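Containing compact mmCIF, C-alpha atoms and all ligand atoms: protein11.txt.
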```txt
# COMPACT_ATOMS: atom_id res chain seq x y z
CA MET A 90 24.63 -26.61 19.90
CA LEU A 91 21.83 -25.82 17.47
CA ASP A 92 18.78 -28.03 17.21
CA GLU A 93 17.10 -27.83 13.78
CA THR A 94 13.75 -28.89 15.23
CA ILE A 95 13.77 -25.96 17.64
CA ILE A 96 14.63 -23.56 14.81
CA THR A 97 11.73 -24.91 12.77
CA ARG A 98 9.30 -24.82 15.71
CA ALA A 99 10.35 -21.26 16.55
CA ILE A 100 9.58 -20.04 13.04
CA ILE A 101 6.27 -21.85 12.78
CA GLU A 102 5.02 -20.82 16.22
CA ARG A 103 6.09 -17.20 15.91
CA TYR A 104 4.54 -16.84 12.46
CA MET A 105 1.29 -18.46 13.57
CA ASP A 106 1.12 -16.13 16.60
CA LYS A 107 1.56 -13.18 14.27
CA LEU A 108 -1.05 -14.39 11.81
CA GLN A 109 -3.59 -15.36 14.47
CA SER A 110 -3.30 -12.01 16.21
CA HIS A 111 -4.08 -10.26 12.91
CA LEU A 112 -7.14 -12.21 11.81
CA GLU A 113 -9.14 -9.12 12.80
CA VAL A 114 -7.56 -5.71 12.33
CA ASP A 115 -8.54 -2.06 12.44
CA ALA A 116 -6.91 -1.44 9.08
CA ALA A 117 -5.64 -3.71 6.33
CA ILE A 118 -3.33 -2.25 3.71
CA VAL A 119 -2.88 -3.98 0.38
CA GLY A 120 0.48 -3.23 -1.25
CA GLY A 121 3.83 -2.33 0.29
CA GLY A 122 4.92 0.49 -2.01
CA PRO A 123 5.66 3.98 -0.69
CA ALA A 124 1.98 4.89 -0.24
CA GLY A 125 1.11 1.71 1.65
CA LEU A 126 4.18 1.95 3.86
CA VAL A 127 3.52 5.54 4.90
CA ALA A 128 -0.15 4.73 5.54
CA GLY A 129 0.90 1.75 7.67
CA TYR A 130 3.49 3.78 9.55
CA LYS A 131 0.97 6.49 10.42
CA LEU A 132 -1.84 4.14 11.45
CA ALA A 133 0.45 1.96 13.56
CA GLN A 134 1.94 5.05 15.16
CA ALA A 135 -1.59 6.19 16.08
CA GLY A 136 -2.09 2.87 17.87
CA TYR A 137 -4.37 1.09 15.39
CA LYS A 138 -3.88 -2.61 14.76
CA THR A 139 -2.73 -2.57 11.16
CA ALA A 140 -1.56 -5.30 8.80
CA LEU A 141 -0.03 -4.84 5.37
CA PHE A 142 -0.18 -7.57 2.72
CA GLU A 143 2.42 -7.56 -0.05
CA ARG A 144 2.46 -10.02 -2.91
CA LYS A 145 6.20 -9.86 -3.48
CA LEU A 146 9.16 -11.02 -1.42
CA SER A 147 10.46 -7.48 -1.07
CA ILE A 148 8.65 -4.48 0.34
CA GLY A 149 8.93 -1.10 -1.37
CA GLY A 150 6.93 -1.53 -4.59
CA GLY A 151 8.23 0.56 -7.47
CA MET A 152 10.59 2.64 -5.37
CA TRP A 153 13.72 0.50 -5.60
CA GLY A 154 14.35 1.23 -9.27
CA GLY A 155 14.05 5.03 -9.05
CA GLY A 156 13.52 6.14 -12.63
CA MET A 157 14.45 3.62 -15.33
CA MET A 158 16.67 1.75 -12.86
CA PHE A 159 18.71 4.85 -11.88
CA ASN A 160 18.25 4.26 -8.16
CA GLU A 161 17.53 7.82 -7.06
CA ILE A 162 14.07 9.26 -6.42
CA VAL A 163 12.84 12.85 -6.47
CA VAL A 164 10.47 14.34 -3.92
CA GLN A 165 9.07 17.82 -3.93
CA GLN A 166 9.21 20.29 -1.05
CA GLU A 167 5.79 19.44 0.47
CA ALA A 168 6.71 15.79 0.92
CA LYS A 169 10.25 16.19 2.18
CA ARG A 170 9.01 16.54 5.77
CA ILE A 171 7.74 12.93 5.67
CA LEU A 172 11.19 11.66 4.67
CA ASP A 173 12.74 13.91 7.34
CA GLU A 174 10.36 12.50 9.95
CA MET A 175 11.12 8.92 8.94
CA GLY A 176 14.87 9.49 8.89
CA VAL A 177 15.60 9.32 5.15
CA ALA A 178 18.45 11.61 4.15
CA THR A 179 17.65 13.90 1.21
CA ARG A 180 19.71 16.34 -0.84
CA GLN A 181 18.40 19.47 -2.50
CA PHE A 182 18.95 19.35 -6.25
CA GLU A 183 17.23 22.63 -7.07
CA PRO A 184 14.86 24.70 -4.95
CA SER A 185 11.83 22.50 -4.22
CA TYR A 186 13.40 19.37 -5.80
CA HIS A 187 15.03 16.92 -3.41
CA THR A 188 16.60 13.55 -4.13
CA ALA A 189 17.04 10.45 -2.02
CA ASP A 190 18.78 7.15 -2.62
CA SER A 191 15.91 4.82 -3.52
CA VAL A 192 17.42 1.84 -1.69
CA LEU A 193 17.85 3.87 1.49
CA CYS A 194 14.33 5.21 1.07
CA ALA A 195 12.59 1.85 0.51
CA SER A 196 14.46 0.11 3.32
CA THR A 197 14.02 2.97 5.81
CA LEU A 198 10.28 3.37 5.16
CA CYS A 199 9.91 -0.37 5.69
CA SER A 200 12.01 -0.35 8.86
CA GLN A 201 10.28 2.69 10.36
CA ALA A 202 6.82 1.31 9.61
CA CYS A 203 7.68 -1.99 11.32
CA GLN A 204 9.26 -0.18 14.28
CA ALA A 205 6.06 1.86 14.63
CA GLY A 206 4.10 -1.39 15.00
CA LEU A 207 2.93 -2.20 11.48
CA THR A 208 2.81 -5.94 10.83
CA ILE A 209 3.80 -6.87 7.30
CA PHE A 210 2.88 -10.15 5.62
CA ASN A 211 4.99 -10.43 2.51
CA LEU A 212 4.48 -13.16 -0.10
CA VAL A 213 0.73 -12.89 0.51
CA SER A 214 -1.66 -11.78 -2.23
CA VAL A 215 -5.09 -10.32 -1.76
CA GLU A 216 -7.33 -12.02 -4.26
CA ASP A 217 -10.83 -10.99 -3.19
CA VAL A 218 -12.87 -8.99 -0.69
CA MET A 219 -15.69 -9.82 1.73
CA VAL A 220 -18.73 -7.57 1.44
CA ARG A 221 -21.56 -7.42 3.96
CA ASP A 222 -24.41 -4.88 3.89
CA HIS A 223 -22.83 -3.02 0.99
CA ARG A 224 -19.50 -2.54 2.79
CA VAL A 225 -16.11 -4.23 2.51
CA VAL A 226 -15.49 -5.94 5.84
CA GLY A 227 -12.44 -8.03 5.02
CA LEU A 228 -9.95 -9.47 2.58
CA VAL A 229 -9.44 -12.86 1.01
CA ILE A 230 -5.76 -13.83 1.02
CA ASN A 231 -3.58 -16.56 -0.35
CA TRP A 232 0.13 -17.30 -0.70
CA SER A 233 1.58 -15.57 -3.74
CA ALA A 234 3.23 -18.89 -4.60
CA VAL A 235 -0.22 -20.47 -4.93
CA GLU A 236 -1.31 -17.61 -7.17
CA MET A 237 1.84 -17.80 -9.32
CA ALA A 238 1.64 -21.57 -9.72
CA LYS A 239 -2.10 -21.32 -10.41
CA LEU A 240 -2.75 -24.05 -7.86
CA HIS A 241 -6.30 -24.86 -6.90
CA VAL A 242 -5.93 -24.02 -3.22
CA ASP A 243 -8.65 -22.24 -1.29
CA PRO A 244 -7.74 -18.92 0.37
CA LEU A 245 -8.21 -17.69 3.97
CA THR A 246 -9.72 -14.45 5.24
CA ILE A 247 -8.88 -11.40 7.33
CA ARG A 248 -11.53 -9.15 8.88
CA ALA A 249 -10.72 -5.46 8.58
CA ARG A 250 -12.71 -2.47 9.73
CA TYR A 251 -11.08 -0.47 6.93
CA THR A 252 -9.01 -1.38 3.89
CA ILE A 253 -6.54 0.79 2.02
CA ASP A 254 -5.92 -0.18 -1.60
CA ALA A 255 -2.28 0.78 -2.21
CA THR A 256 -1.68 -1.66 -5.07
CA GLY A 257 -0.29 0.96 -7.46
CA HIS A 258 -1.19 1.06 -11.15
CA ALA A 259 -3.09 -2.21 -10.91
CA ALA A 260 -5.69 -0.93 -8.38
CA GLU A 261 -6.41 -4.56 -7.63
CA VAL A 262 -8.81 -4.25 -4.70
CA VAL A 263 -11.10 -1.69 -6.31
CA ARG A 264 -10.99 -3.59 -9.61
CA THR A 265 -12.10 -6.71 -7.77
CA ILE A 266 -14.98 -4.79 -6.20
CA ALA A 267 -15.98 -3.33 -9.57
CA ARG A 268 -15.92 -6.79 -11.15
CA LYS A 269 -17.58 -8.81 -8.43
CA VAL A 270 -19.86 -6.60 -6.40
CA ASP A 271 -23.19 -5.56 -7.78
CA ALA A 272 -22.71 -1.90 -6.86
CA SER A 273 -20.95 1.20 -8.13
CA LEU A 274 -17.64 2.65 -6.98
CA PHE A 275 -17.58 6.30 -5.91
CA THR A 276 -16.09 7.32 -9.27
CA LYS A 277 -17.64 9.33 -12.08
CA THR A 278 -18.42 6.14 -14.04
CA GLY A 279 -19.06 3.82 -11.12
CA GLU A 280 -16.17 1.70 -12.46
CA VAL A 281 -12.37 2.01 -12.27
CA VAL A 282 -11.80 4.97 -14.59
CA GLY A 283 -8.17 4.04 -15.42
CA GLU A 284 -4.96 6.04 -15.48
CA ARG A 285 -3.95 8.55 -18.13
CA SER A 286 -0.53 9.31 -19.65
CA LEU A 287 2.38 10.97 -17.85
CA TRP A 288 2.04 14.54 -16.50
CA ALA A 289 3.99 14.92 -13.26
CA GLU A 290 2.64 18.22 -11.94
CA VAL A 291 -1.06 17.55 -12.44
CA ALA A 292 -0.72 13.89 -11.47
CA GLU A 293 0.90 14.74 -8.16
CA SER A 294 -1.86 17.11 -7.05
CA HIS A 295 -4.59 14.80 -8.36
CA THR A 296 -3.09 11.92 -6.38
CA LEU A 297 -3.94 13.74 -3.19
CA ASP A 298 -7.43 14.78 -4.38
CA ASN A 299 -8.08 11.21 -5.46
CA THR A 300 -7.00 9.73 -2.14
CA ARG A 301 -10.44 9.00 -0.79
CA GLU A 302 -13.07 6.39 -0.19
CA ALA A 303 -13.76 4.41 -3.36
CA PHE A 304 -16.34 2.04 -1.87
CA PRO A 305 -17.74 1.80 1.65
CA GLY A 306 -14.86 0.65 3.84
CA VAL A 307 -12.16 1.01 1.17
CA PHE A 308 -9.84 3.99 0.67
CA THR A 309 -7.31 4.34 -2.12
CA ALA A 310 -3.73 5.53 -1.71
CA GLY A 311 -0.86 6.28 -4.06
CA MET A 312 -0.96 5.51 -7.77
CA CYS A 313 -4.07 3.40 -7.20
CA SER A 314 -5.96 6.63 -6.47
CA ASN A 315 -5.27 8.06 -9.92
CA ALA A 316 -5.95 4.73 -11.62
CA THR A 317 -9.27 4.43 -9.78
CA PHE A 318 -10.57 7.96 -10.22
CA GLY A 319 -8.92 8.61 -13.60
CA SER A 320 -5.91 10.89 -13.65
CA TYR A 321 -2.37 11.06 -14.92
CA ARG A 322 0.65 8.97 -13.94
CA MET A 323 3.62 10.92 -12.59
CA GLY A 324 6.81 8.95 -13.24
CA PRO A 325 9.61 8.79 -10.69
CA VAL A 326 8.58 11.68 -8.44
CA PHE A 327 7.40 10.15 -5.21
CA GLY A 328 6.12 13.02 -3.05
CA GLY A 329 2.51 12.39 -4.01
CA MET A 330 2.83 8.74 -2.97
CA LEU A 331 4.10 9.68 0.49
CA LEU A 332 1.51 12.44 1.02
CA SER A 333 -1.26 10.17 -0.24
CA GLY A 334 -0.30 7.41 2.21
CA GLU A 335 -0.39 9.97 5.00
CA LYS A 336 -3.80 11.28 3.90
CA ALA A 337 -5.31 7.79 3.60
CA ALA A 338 -4.12 6.98 7.12
CA GLN A 339 -5.56 10.24 8.42
CA MET A 340 -8.97 9.54 6.86
CA VAL A 341 -9.09 5.96 8.12
CA GLY A 342 -7.89 7.09 11.54
CA GLU A 343 -10.69 9.66 11.75
CA ARG A 344 -13.31 7.02 10.90
CA LEU A 345 -11.90 4.56 13.42
CA LYS A 346 -11.82 7.23 16.10
CA ALA A 347 -15.41 8.29 15.38
CA GLU A 348 -16.60 4.67 15.64
CA LYS A 349 -14.97 3.98 19.02
C1 LIG B 401 7.68 -3.41 -9.45
C2 LIG B 401 7.44 -1.96 -9.87
C3 LIG B 401 8.47 -1.25 -10.49
C4 LIG B 401 8.27 0.07 -10.88
N1 LIG B 401 9.32 0.73 -11.46
C5 LIG B 401 9.19 2.01 -11.79
C6 LIG B 401 10.28 2.72 -12.34
O1 LIG B 401 11.37 2.17 -12.51
N2 LIG B 401 10.11 4.03 -12.66
C7 LIG B 401 8.89 4.67 -12.48
O2 LIG B 401 8.75 5.84 -12.78
N3 LIG B 401 7.86 4.02 -11.95
C8 LIG B 401 7.96 2.70 -11.60
N4 LIG B 401 6.91 2.04 -11.06
C9 LIG B 401 5.74 2.78 -10.80
C10 LIG B 401 5.96 3.76 -9.66
O3 LIG B 401 7.00 3.33 -8.89
C11 LIG B 401 4.73 3.81 -8.93
O4 LIG B 401 3.96 4.82 -9.54
C12 LIG B 401 4.92 4.13 -7.44
O5 LIG B 401 5.83 3.22 -6.88
C13 LIG B 401 3.58 3.99 -6.86
O6 LIG B 401 3.64 3.82 -5.50
P1 LIG B 401 2.47 3.08 -4.78
O7 LIG B 401 2.81 3.04 -3.34
O8 LIG B 401 1.17 3.67 -5.16
O9 LIG B 401 2.46 1.61 -5.39
P2 LIG B 401 3.62 0.64 -5.88
O10 LIG B 401 4.98 1.16 -5.56
O11 LIG B 401 3.32 0.28 -7.28
O12 LIG B 401 3.38 -0.61 -4.92
C14 LIG B 401 2.25 -1.42 -5.02
C15 LIG B 401 2.55 -2.73 -4.35
O13 LIG B 401 1.35 -3.47 -4.26
C16 LIG B 401 1.65 -4.83 -4.45
N5 LIG B 401 0.41 -5.50 -4.85
C17 LIG B 401 -0.31 -5.27 -5.97
N6 LIG B 401 -1.43 -6.02 -5.98
C18 LIG B 401 -1.40 -6.75 -4.83
C19 LIG B 401 -2.29 -7.72 -4.26
N7 LIG B 401 -3.42 -8.10 -4.88
N8 LIG B 401 -1.95 -8.30 -3.07
C20 LIG B 401 -0.80 -7.93 -2.43
N9 LIG B 401 0.07 -7.01 -2.92
C21 LIG B 401 -0.24 -6.42 -4.11
C22 LIG B 401 2.74 -4.83 -5.52
O14 LIG B 401 3.49 -6.02 -5.51
C23 LIG B 401 3.55 -3.60 -5.13
O15 LIG B 401 4.63 -3.92 -4.29
C24 LIG B 401 7.04 0.71 -10.65
C25 LIG B 401 6.02 -0.01 -10.01
C26 LIG B 401 6.22 -1.33 -9.61
C27 LIG B 401 5.13 -2.08 -8.90
```
Before we go any further, please render this structure as structure tokens.
Amino acid sequence: MLDETIITRAIIERYMDKLQSHLEVDAAIVGGGPAGLVAGYKLAQAGYKTALFERKLSIGGGMWGGGMMFNEIVVQQEAKRILDEMGVATRQFEPSYHTADSVLCASTLCSQACQAGLTIFNLVSVEDVMVRDHRVVGLVINWSAVEMAKLHVDPLTIRARYTIDATGHAAEVVRTIARKVDASLFTKTGEVVGERSLWAEVAESHTLDNTREAFPGVFTAGMCSNATFGSYRMGPVFGGMLLSGEKAAQMVGERLKAEK
């Protein structure tokens, strides 16, 4: 016999437990694309309390559609080890070019990150940051449904020792800082420089160079890094996204360790 009230209570209580135990985290990741998922996987694996907030229902960002909805992705040699480690099957297409089924890739990255201990809140949008003493100390969140319906509903907050902006092309967290905080970003203009046109090879190496702190307490990862610091987009080659997520996690992990 199934009691609907018990089902409802189970969902509400379990979700509230999850939310309450993540009101203060070591690391908050905004965006559940490939960069955010790898960052979350690595930080959770290292034992840091990490929450990822994703606006959409599904996790995986722009990975599902491969290139122009052909659901295969390409990764280069340097990044293949991350897919190997996370259990995503790849096939060599030509030396140094490997392909993976984008559906397998998105779902496996999500699964492995959760298994490692990352807590994901989907359908939640980050709409603002909290800044104290010239440092981002937390995020302002709301239901994506509230955002989409443009309802006048006040948000709630999450305290985070570090934030990773993995919001892709939109670079939403750093843009919010640039717009609302009376201080400069660590970019050449002090603002979000903006992304340039498509050049896969340069974009991929710049993604890694640009994976760094953009404002005290906030690191960029993935396409957000090139949008923030001003470099090319790369199209459907995803190695840079994976390596960037790994680098962002490493940098945040080092800071957290040093502060212990
Ligand atoms: C929906 C989508 C489809 C794409 N399709 C293609 C394609 O077909 N071919 C191609 O070459 N490139 C595509 N791209 C771009 C390419 O996939 C990206 O360059 C790559 O996925 C970047 O990875 P990423 O991890 O940096 O960010 P993304 O994969 O872009 O993921 C960023 C995630 O952050 C979430 N997000 C953004 N702002 C917020 C916020 N304020 N709060 C919470 N969550 C937020 C987004 O919903 C998204 O899931 C697409 C991007 C997106 C978002």
| task | Pick out the residues no farther than 7 Å from ligand LIG 401 (chain B), counting all atoms listed in the file, and list them as a ChimeraX atom specification. | result | /A:119-125,142-145,148-152,154-158,213-216,255-259,261-262,310-313,322-325,327,330
| request: Please provide the set of residues having any atom within 12 Å of Gln165 of chain A, restricted to all atoms listed in the file, with same-chain residues fewer than 6 positions apart removed, written as a list in words. | output: Ile171, Leu172, Thr179, Arg180, Gln181, Phe182, Glu183, Pro184, Ser185, Tyr186, His187, Thr188, Ala189, Ala289, Glu290, Glu293, Ser294, Pro325, Val326, Phe327, Gly328, Gly329, Met330, Leu331 and Leu332 of chain A
| query | Could you state the separation of atom CA of Asp222 of chain A and atom CA of Ala135 of chain A in Å, given to one decimal place? | reply | 28.1 Å
Compile the contact shell of Glu174 of chain A as a PDB file with C-alpha atoms, in the coordinates of the input: residues with an atom at most 12 Å away, counting all atoms listed in the file, same-chain residues fewer than 3 positions apart removed.
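As a result, selection.pdb now contains:
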```pdb
ATOM      1  CA  VAL A 127       3.520   5.540   4.900  1.00  0.00           C
ATOM      2  CA  TYR A 130       3.490   3.780   9.550  1.00  0.00           C
ATOM      3  CA  LYS A 131       0.970   6.490  10.420  1.00  0.00           C
ATOM      4  CA  ALA A 168       6.710  15.790   0.920  1.00  0.00           C
ATOM      5  CA  LYS A 169      10.250  16.190   2.180  1.00  0.00           C
ATOM      6  CA  ARG A 170       9.010  16.540   5.770  1.00  0.00           C
ATOM      7  CA  ILE A 171       7.740  12.930   5.670  1.00  0.00           C
ATOM      8  CA  VAL A 177      15.600   9.320   5.150  1.00  0.00           C
ATOM      9  CA  ALA A 178      18.450  11.610   4.150  1.00  0.00           C
ATOM     10  CA  THR A 179      17.650  13.900   1.210  1.00  0.00           C
ATOM     11  CA  THR A 197      14.020   2.970   5.810  1.00  0.00           C
ATOM     12  CA  LEU A 198      10.280   3.370   5.160  1.00  0.00           C
ATOM     13  CA  GLN A 201      10.280   2.690  10.360  1.00  0.00           C
ATOM     14  CA  ALA A 202       6.820   1.310   9.610  1.00  0.00           C
ATOM     15  CA  LEU A 331       4.100   9.680   0.490  1.00  0.00           C
TER      16      LEU A 331
END
```
| field | Nearest residue to Leu112 of chain A from the set A:Arg250, A:Arg264, A:His223, A:Lys336 (distances using only C-alpha atoms) | value | A:Arg250
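Reported to one decimal place, the separation of atom CA of Ala292 of chain A from atom CA of Ser314 of chain A is 10.3 Å.
Atom CA of Gln134 of chain A is positioned 29.0 Å from atom CA of Ile266 of chain A.
With only C-alpha atoms as the atoms that count, the residue of A:Ala140, A:Val226, A:Ala195, A:Val282 with the shortest distance to Glu161 of chain A is A:Ala195.
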| said: Using only C-alpha atoms, which protein or nucleic acid residues come within 10 Å of segment 307-309 of chain A? Drop anything in the same chain fewer than 5 positions from it, and give the result as a PyMOL selection string. | reply: chain A and resi 116-119+124-125+224-227+249-257+260+262-263+266+274+296+299-302+314-318+333-334+336-338+340-341
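Those residues positioned at most 6 Å from (-5.9, -2.0, 12.0) are Val114, Asp115, Ala116, Ala117, Tyr137, Lys138 and Thr139 of chain A, judged using all atoms listed in the file.
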Export, as an mmCIF file, in the frame of the given file, the selected residues with C-alpha atoms.
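Output file out_34.cif is given in full below:
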```cif
data_model
loop_
_atom_site.group_PDB
_atom_site.id
_atom_site.type_symbol
_atom_site.label_atom_id
_atom_site.label_comp_id
_atom_site.auth_asym_id
_atom_site.auth_seq_id
_atom_site.Cartn_x
_atom_site.Cartn_y
_atom_site.Cartn_z
ATOM 1 C CA VAL A 114 -7.560 -5.710 12.330
ATOM 2 C CA ASP A 115 -8.540 -2.060 12.440
ATOM 3 C CA ALA A 116 -6.910 -1.440 9.080
ATOM 4 C CA ALA A 117 -5.640 -3.710 6.330
ATOM 5 C CA TYR A 137 -4.370 1.090 15.390
ATOM 6 C CA LYS A 138 -3.880 -2.610 14.760
ATOM 7 C CA THR A 139 -2.730 -2.570 11.160
#
```
| message | Please determine, counting all atoms listed in the file, which residue among A:Gly176, A:Gly319, A:Gly342, A:Pro244 has the shortest atom-to-atom distance to Lys277 of chain A. | response | A:Gly319
Draw an axis-aligned box over all listed atoms of segment 130-140 of chain A, pad each side with 4 Å, and write its centre and edge lengths in Å, one decimal, as AutoDock Vina command-line options.
```
--center_x -0.4 --center_y 0.6 --center_z 13.3 --size_x 15.9 --size_y 19.8 --size_z 17.1
```
